[in-house]
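Report on the following structure.
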Amino acid sequence: MDCSFSAAEEAFRAELRAWLAANAPSGEPEHATLADEVSCLRDWQQKLAGGGWVGIHWPREYGGRGASVVESYLFQEEMAAARAPEIIGRIGVNLVGPTLIAHGTEEQKRRFLPPILPAGEIWCQLFSEPGAGSDLTAVRCRAERTDGGWVVNGQKVWTSYAQFARWGIMLARTDPDAPKAKGISYFVCDMQAPGVTIRPLRQMTGSEEFNEVFLEDVFVPDAYLIGREHDGWRIASTTLTHERGTSPRQLVIHRMLLHDLLRIAREGVEGGPRAAADPVLRQELARHFIDVEITKLANWRTLTRIGRKQPLGPESSVIKLFWSEMSQRMHDTLMTMLGPTGLCWQPGPHAVERGRLSRSYLYYRAASIFAGTSEIQRNILATRVLGLPRGG
Ligand SMILES: Cc1cc2nc3c(=O)[nH]c(=O)nc-3n(C[C@H](O)[C@H](O)[C@H](O)COP(=O)(O)OP(=O)(O)OC[C@H]3O[C@@H](n4cnc5c(N)ncnc54)[C@H](O)[C@@H]3O)c2cc1C
């Protein structure tokens, strides 16, 4: 395994670090509403794009830097280390761009790619449905042929930021008689088209990033089909591949969480246990340190394999499963150490750090669900690594 970066990669890191030191917002801003937050994040993405720091993995001809996998990794690591906010247009930049570049027509690329990098247009992902999440081939949302396009009816769910999105990438069934994965097509959906209804869902963090999206007789023109009709599952694989892989951002976030845990263990909080002296908590903290190191090494091993052009295999499942469950164990320790003050997840007289850490606990409950649940990752490992037969 390579444990060091080349001189050129270190130079890339230094350039980015200097740019972030001069430009990244300092402190954690608090926003009155989600809309305010989204508006600030749009400005931040525009600034990043102005410096050439959005979509660095995109080819140069489309506004990227043609960055390597290692540079993309370093980019995420430095962004997280600078506590720079994540960009709001993640779905557009990370999923839609690479999918359109691989499968879109020239006209689609010309129309949709340019506004993605500076957050001129935000995208959402209309994949999951009430009966189709882990098994996306079960989508029931129906697209039927009409003059000049399709008419779409159905429901999507868990659609992040749909209420702010101008466009969505959407899977819909175009051939109900074909075997599950064969009858699906991949479309661009105009989120402002008549028949699209978006209903925000309130999460336990109090935020409403998620939405239900109802599609009633929504017209989708021919020009918005990506790739060939009924070939949507193959194209969705391009999108889903970009959702998995290494997780440098999570690595840095959890290294910072470890530092928070150690600080609280030493200093204690009002009403919480004296963690530094508690033998059980000491054991847990040592375990978290080891887990964060393992996550780092697993990421480096994956980077090495990619760098040597070796097939990735099941490593991305190991990384996703490992960090998401590590995260929940670390947050459980956090709540033990915060004691009753852990219940104060909004700013108030007893909240530790204005509730930031408690909100983090609530947020990371989702880590074992998004981008493939823990059960699905274990199924992949069981069948593809351990060679076990599929369950009934
Ligand atoms: C923060 C967050 C953001 C998201 N954003 C989006 C988005 O923008 N767009 C979008 O389309 N989707 C989004 N999702 C949805 C996400 O992709 C799904 O939640 C996920 O794929 C799981 O699907 P599901 O919720 O339908 O659960 P199900 O698939 O219904 O699973 C329910 C439970 O059954 C288990 N299970 C299912 N199948 C098996 C099996 N074969 N073997 C063993 N156990 C099984 C699962 O592990 C889970 O515990 C988001 C989810 C989260 C948490």
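Identifiers for the structure tokens are assigned positionally: chains receive A, B, ... in sequence, residues are indexed from 1 per chain, and ligands are indexed from 1 in the order shown.
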**Request:** Determine, counting only C-alpha atoms, which protein, DNA and RNA residues have an atom within 12 Å of an atom of region 28-43 of chain A; residues of the same chain fewer than 4 positions away are not included. Present the result as JSON, numbers by chain.
**Result:** {"A": [24, 47, 48, 49, 50, 54, 82, 83, 84, 85, 86, 87, 88, 89, 90, 115, 116, 117, 118, 119, 120, 121, 122, 161, 162, 163, 164, 165, 200, 202, 205, 206, 207, 208, 209, 210, 346, 347, 353, 354, 355, 356]}
I need the residues from that last selection saved to file as a short mmCIF file (atom, residue, chain, number, x, y, z; two decimals), in the first residue's frame (with N, CA and C atoms), if you can.
```
data_model
loop_
_atom_site.label_atom_id
_atom_site.label_comp_id
_atom_site.auth_asym_id
_atom_site.auth_seq_id
_atom_site.Cartn_x
_atom_site.Cartn_y
_atom_site.Cartn_z
N ALA A 24 -12.30 30.42 2.69
CA ALA A 24 -13.36 29.63 3.35
C ALA A 24 -13.99 30.45 4.47
N LYS A 47 -18.41 30.89 -5.22
CA LYS A 47 -17.06 31.37 -4.93
C LYS A 47 -16.02 30.27 -5.22
N LEU A 48 -16.34 29.07 -4.74
CA LEU A 48 -15.45 27.93 -5.01
C LEU A 48 -15.27 27.73 -6.52
N ALA A 49 -16.40 27.81 -7.24
CA ALA A 49 -16.35 27.59 -8.70
C ALA A 49 -15.49 28.67 -9.35
N GLY A 50 -15.58 29.92 -8.83
CA GLY A 50 -14.78 31.02 -9.36
C GLY A 50 -13.29 30.72 -9.24
N VAL A 54 -14.70 23.56 -8.03
CA VAL A 54 -15.91 22.71 -8.02
C VAL A 54 -15.82 21.75 -9.20
N ALA A 82 -10.57 22.13 6.77
CA ALA A 82 -10.75 23.58 6.90
C ALA A 82 -12.14 23.90 7.46
N ARG A 83 -12.91 22.88 7.77
CA ARG A 83 -14.31 23.02 8.22
C ARG A 83 -15.11 23.85 7.21
N ALA A 84 -14.74 23.72 5.93
CA ALA A 84 -15.46 24.43 4.87
C ALA A 84 -16.77 23.69 4.62
N PRO A 85 -17.88 24.41 4.44
CA PRO A 85 -19.16 23.73 4.21
C PRO A 85 -19.10 22.89 2.94
N GLU A 86 -19.89 21.81 2.94
CA GLU A 86 -20.02 21.02 1.71
C GLU A 86 -20.81 21.84 0.70
N ILE A 87 -20.56 21.62 -0.57
CA ILE A 87 -21.31 22.38 -1.58
C ILE A 87 -22.77 21.91 -1.58
N ILE A 88 -23.67 22.82 -1.98
CA ILE A 88 -25.10 22.47 -2.01
C ILE A 88 -25.43 21.63 -3.26
N GLY A 89 -24.65 21.82 -4.31
CA GLY A 89 -24.96 21.13 -5.57
C GLY A 89 -24.28 19.78 -5.68
N ARG A 90 -24.26 19.03 -4.57
CA ARG A 90 -23.52 17.75 -4.56
C ARG A 90 -24.07 16.76 -5.59
N PRO A 115 -24.52 25.24 -15.85
CA PRO A 115 -25.00 25.86 -14.60
C PRO A 115 -24.77 25.00 -13.35
N ILE A 116 -24.27 23.76 -13.51
CA ILE A 116 -24.12 22.90 -12.33
C ILE A 116 -22.98 23.39 -11.43
N LEU A 117 -21.82 23.68 -12.02
CA LEU A 117 -20.64 23.99 -11.18
C LEU A 117 -20.84 25.24 -10.31
N PRO A 118 -21.35 26.36 -10.86
CA PRO A 118 -21.50 27.54 -9.99
C PRO A 118 -22.83 27.56 -9.22
N ALA A 119 -23.52 26.42 -9.12
CA ALA A 119 -24.80 26.32 -8.40
C ALA A 119 -25.88 27.21 -9.00
N GLY A 120 -25.77 27.50 -10.30
CA GLY A 120 -26.82 28.25 -10.99
C GLY A 120 -28.10 27.43 -11.00
N GLU A 121 -27.97 26.11 -11.14
CA GLU A 121 -29.13 25.20 -11.09
C GLU A 121 -28.78 24.02 -10.18
N ILE A 122 -29.69 23.75 -9.24
CA ILE A 122 -29.48 22.63 -8.31
C ILE A 122 -30.27 21.43 -8.80
N TYR A 161 -33.34 17.90 -0.94
CA TYR A 161 -33.30 19.24 -1.54
C TYR A 161 -34.19 19.39 -2.79
N ALA A 162 -35.22 18.54 -2.92
CA ALA A 162 -36.10 18.67 -4.10
C ALA A 162 -36.75 20.04 -4.15
N GLN A 163 -37.04 20.62 -2.95
CA GLN A 163 -37.74 21.91 -2.94
C GLN A 163 -36.87 23.05 -3.46
N PHE A 164 -35.56 22.81 -3.60
CA PHE A 164 -34.68 23.87 -4.13
C PHE A 164 -34.16 23.50 -5.52
N ALA A 165 -34.57 22.33 -6.01
CA ALA A 165 -33.96 21.82 -7.25
C ALA A 165 -34.68 22.34 -8.49
N PRO A 200 -42.18 18.60 1.75
CA PRO A 200 -41.05 18.37 2.65
C PRO A 200 -41.41 17.43 3.80
N ARG A 202 -40.25 16.42 7.69
CA ARG A 202 -39.42 16.91 8.80
C ARG A 202 -38.67 15.74 9.43
N THR A 205 -33.74 15.83 13.17
CA THR A 205 -32.83 16.96 13.42
C THR A 205 -33.61 18.28 13.38
N GLY A 206 -34.88 18.22 12.98
CA GLY A 206 -35.69 19.43 12.87
C GLY A 206 -35.63 20.02 11.47
N SER A 207 -34.73 19.51 10.64
CA SER A 207 -34.56 20.05 9.30
C SER A 207 -35.54 19.36 8.33
N GLU A 208 -35.72 19.99 7.18
CA GLU A 208 -36.62 19.40 6.18
C GLU A 208 -35.90 19.26 4.85
N GLU A 209 -34.77 18.57 4.87
CA GLU A 209 -34.02 18.39 3.62
C GLU A 209 -34.71 17.41 2.69
N PHE A 210 -35.35 16.43 3.30
CA PHE A 210 -36.04 15.36 2.55
C PHE A 210 -37.38 15.80 2.01
N GLN A 346 -30.72 21.98 20.61
CA GLN A 346 -30.85 23.30 20.01
C GLN A 346 -30.20 24.32 20.95
N PRO A 347 -29.78 25.48 20.44
CA PRO A 347 -29.12 26.44 21.30
C PRO A 347 -29.97 26.76 22.53
N GLU A 353 -21.95 23.50 23.22
CA GLU A 353 -21.64 24.03 21.88
C GLU A 353 -22.90 24.30 21.07
N ARG A 354 -23.87 24.93 21.72
CA ARG A 354 -25.14 25.32 21.09
C ARG A 354 -25.87 24.13 20.44
N GLY A 355 -25.63 22.93 20.98
CA GLY A 355 -26.35 21.75 20.49
C GLY A 355 -25.71 21.08 19.29
N ARG A 356 -24.55 21.59 18.84
CA ARG A 356 -23.92 21.06 17.61
C ARG A 356 -23.67 19.56 17.70
#
```
**Item:** Shell of 9 Å around ligand 1 (only C-alpha atoms and all ligand atoms), written as a PyMOL selection string
**Value:** chain A and resi 91+124-136+156-162+170+209-211+363-379+391
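Separating CA of Pro340 (chain A) from CA of Val269 (chain A) is a distance of 9.7 Å.
Using only C-alpha atoms, the smallest distance between any of A:Glu216, A:Glu315, A:Glu325, A:Asp291 and Ile380 (chain A) comes from A:Glu315.
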**Message:** From a backbone DSSP assignment, name each residue in region 80-272 of chain A labelled strand (DSSP E or B), as a ChimeraX atom specification.
**Reply:** /A:123-126,129,132,142-146,149-156,167-173,184-190,196-201,210-221,225-226,231
**Request:** Go through A:Ala286, A:Leu357, A:Val252, A:Val152 and flag the residue nearest Thr341 (chain A), using only C-alpha atoms for the distances.
**Result:** A:Leu357
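Here CA of Leu240 (chain A) stands at a distance of 18.7 Å from CA of Asn299 (chain A).
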**Prompt:** Mind pulling up the distance from CA of Leu334 (chain A) to CA of Leu261 (chain A)?
**Reply:** 6.3 Å
**Distance criterion (only C-alpha atoms): nearest to Trp150 (chain A) out of A:Pro221, A:Pro273, A:Gly51, A:Gly232** = A:Pro221
Which residues are close to Leu343 (chain A), i.e. within 10 Å by only C-alpha atoms, leaving aside same-chain residues fewer than 3 positions away? Reply as a short mmCIF file (atom, residue, chain, number, x, y, z; two decimals) with C-alpha atoms, in the first residue's frame.
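Okay, result-v9.cif is ready:
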```
data_model
loop_
_atom_site.label_atom_id
_atom_site.label_comp_id
_atom_site.auth_asym_id
_atom_site.auth_seq_id
_atom_site.Cartn_x
_atom_site.Cartn_y
_atom_site.Cartn_z
CA MET A 335 -24.17 10.97 24.35
CA LEU A 338 -22.76 14.58 27.55
CA GLY A 339 -25.18 13.12 30.10
CA PRO A 340 -28.49 15.03 30.41
CA GLN A 346 -30.85 23.30 20.01
CA HIS A 350 -27.58 24.05 28.96
CA ALA A 351 -26.69 23.08 25.38
CA VAL A 352 -23.06 22.10 24.85
CA GLY A 355 -26.35 21.75 20.49
CA SER A 358 -26.26 16.45 19.78
CA ARG A 359 -27.46 17.39 16.30
#
```
**Item:** region 247-250 of chain A environment, 6 Å, only C-alpha atoms, sequence neighbours closer than 3 positions dropped, as a VMD selection string
**Value:** chain A and resid 76 to 77 80 253
**Prompt:** Using only C-alpha atoms, which residues sit within 12 Å of region 234-237 of chain A once same-chain residues fewer than 3 positions away are excluded, as a ChimeraX atom specification?
**Reply:** /A:95-96,98-104,125-127,136-137,169-172,181-187,225-231,240-244
Please write the residues from the selection above to a file, keeping N, CA and C atoms, as a compact mmCIF listing (two decimals), in the first residue's frame.
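Result written to part.txt:
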```
# COMPACT_ATOMS: atom_id res chain seq x y z
N LEU A 95 -23.00 13.39 -9.10
CA LEU A 95 -23.76 12.31 -9.74
C LEU A 95 -24.20 12.67 -11.16
N VAL A 96 -24.84 13.85 -11.31
CA VAL A 96 -25.42 14.18 -12.63
C VAL A 96 -24.32 14.45 -13.66
N PRO A 98 -21.03 13.52 -13.99
CA PRO A 98 -20.36 12.34 -14.56
C PRO A 98 -21.31 11.46 -15.38
N THR A 99 -22.59 11.39 -14.99
CA THR A 99 -23.54 10.56 -15.75
C THR A 99 -23.82 11.18 -17.12
N LEU A 100 -24.03 12.50 -17.15
CA LEU A 100 -24.31 13.16 -18.44
C LEU A 100 -23.07 13.13 -19.33
N ILE A 101 -21.90 13.31 -18.74
CA ILE A 101 -20.67 13.30 -19.54
C ILE A 101 -20.49 11.91 -20.19
N ALA A 102 -20.88 10.86 -19.45
CA ALA A 102 -20.73 9.50 -20.00
C ALA A 102 -21.85 9.12 -20.97
N HIS A 103 -23.07 9.56 -20.72
CA HIS A 103 -24.21 9.04 -21.49
C HIS A 103 -25.05 10.10 -22.21
N GLY A 104 -24.86 11.38 -21.91
CA GLY A 104 -25.73 12.42 -22.47
C GLY A 104 -25.39 12.74 -23.92
N GLN A 125 -32.22 13.89 -6.83
CA GLN A 125 -32.14 12.50 -7.33
C GLN A 125 -33.49 11.81 -7.05
N LEU A 126 -34.26 11.61 -8.11
CA LEU A 126 -35.60 11.00 -7.97
C LEU A 126 -35.48 9.50 -8.25
N PHE A 127 -34.83 8.78 -7.35
CA PHE A 127 -34.65 7.34 -7.51
C PHE A 127 -35.59 6.58 -6.55
N LEU A 136 -33.70 -0.92 -6.08
CA LEU A 136 -34.20 0.13 -6.97
C LEU A 136 -34.82 -0.42 -8.24
N THR A 137 -34.51 -1.69 -8.56
CA THR A 137 -35.10 -2.25 -9.80
C THR A 137 -36.60 -2.42 -9.64
N ILE A 169 -32.80 13.95 -11.66
CA ILE A 169 -32.57 12.75 -12.47
C ILE A 169 -33.57 11.72 -11.95
N MET A 170 -34.26 11.08 -12.88
CA MET A 170 -35.41 10.26 -12.49
C MET A 170 -35.38 8.89 -13.17
N LEU A 171 -35.64 7.84 -12.36
CA LEU A 171 -35.83 6.51 -12.94
C LEU A 171 -37.33 6.26 -13.04
N ALA A 172 -37.78 5.80 -14.22
CA ALA A 172 -39.20 5.48 -14.38
C ALA A 172 -39.33 4.25 -15.26
N ALA A 181 -35.22 -5.02 -14.07
CA ALA A 181 -34.20 -4.02 -14.40
C ALA A 181 -34.23 -3.62 -15.87
N LYS A 182 -34.90 -4.42 -16.70
CA LYS A 182 -34.83 -4.19 -18.16
C LYS A 182 -35.80 -3.12 -18.64
N GLY A 183 -36.86 -2.85 -17.86
CA GLY A 183 -37.89 -1.95 -18.40
C GLY A 183 -37.84 -0.55 -17.84
N ILE A 184 -36.64 -0.13 -17.38
CA ILE A 184 -36.52 1.18 -16.72
C ILE A 184 -35.79 2.16 -17.65
N SER A 185 -36.24 3.42 -17.67
CA SER A 185 -35.50 4.44 -18.42
C SER A 185 -35.07 5.56 -17.48
N TYR A 186 -34.08 6.33 -17.94
CA TYR A 186 -33.44 7.37 -17.11
C TYR A 186 -33.75 8.72 -17.73
N PHE A 187 -34.41 9.59 -16.97
CA PHE A 187 -34.86 10.87 -17.51
C PHE A 187 -34.34 12.05 -16.70
N LEU A 225 -34.67 12.31 -22.30
CA LEU A 225 -34.29 10.91 -22.06
C LEU A 225 -32.77 10.82 -22.11
N ILE A 226 -32.17 10.21 -21.09
CA ILE A 226 -30.71 10.04 -21.10
C ILE A 226 -30.42 8.62 -21.58
N GLY A 227 -29.58 8.51 -22.60
CA GLY A 227 -29.29 7.19 -23.16
C GLY A 227 -30.49 6.65 -23.93
N ARG A 228 -30.55 5.33 -24.07
CA ARG A 228 -31.64 4.73 -24.84
C ARG A 228 -32.83 4.38 -23.95
N GLU A 229 -34.02 4.31 -24.58
CA GLU A 229 -35.22 3.89 -23.85
C GLU A 229 -34.99 2.48 -23.28
N HIS A 230 -35.46 2.21 -22.10
CA HIS A 230 -35.36 0.92 -21.37
C HIS A 230 -33.92 0.59 -20.92
N ASP A 231 -32.98 1.51 -21.15
CA ASP A 231 -31.58 1.22 -20.79
C ASP A 231 -31.19 1.96 -19.51
N LEU A 240 -24.73 5.46 -9.54
CA LEU A 240 -24.57 4.84 -8.22
C LEU A 240 -23.09 4.57 -7.92
N THR A 241 -22.29 4.28 -8.96
CA THR A 241 -20.86 4.06 -8.74
C THR A 241 -20.24 5.31 -8.13
N HIS A 242 -20.71 6.49 -8.58
CA HIS A 242 -20.13 7.73 -8.07
C HIS A 242 -20.60 8.04 -6.65
N GLU A 243 -21.59 7.27 -6.13
CA GLU A 243 -22.06 7.49 -4.76
C GLU A 243 -21.18 6.74 -3.77
N ARG A 244 -20.40 5.77 -4.26
CA ARG A 244 -19.65 4.92 -3.34
C ARG A 244 -18.15 5.14 -3.51
```
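Each of A:Leu362, A:Val196, A:Ile294, A:Ala138 was compared to Ala178 (chain A) using only C-alpha atoms, and A:Ala138 turns out to be the nearest.
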Show which residues sit within 10 Å of Gly307 (chain A), as a tab-separated table (two decimals) with C-alpha atoms, in the first residue's frame. Count only C-alpha atoms, and ignore same-chain residues fewer than 4 positions away.
```tsv
chain	number	residue	atom	x	y	z
A	2	ASP	CA	1.26	3.52	-0.83
A	68	SER	CA	-7.11	12.29	-10.51
A	69	VAL	CA	-8.79	10.11	-7.90
A	70	VAL	CA	-6.00	10.97	-5.44
A	301	ARG	CA	-5.66	0.89	0.42
A	302	THR	CA	-8.55	1.71	-1.92
A	303	LEU	CA	-6.67	4.73	-3.30
```
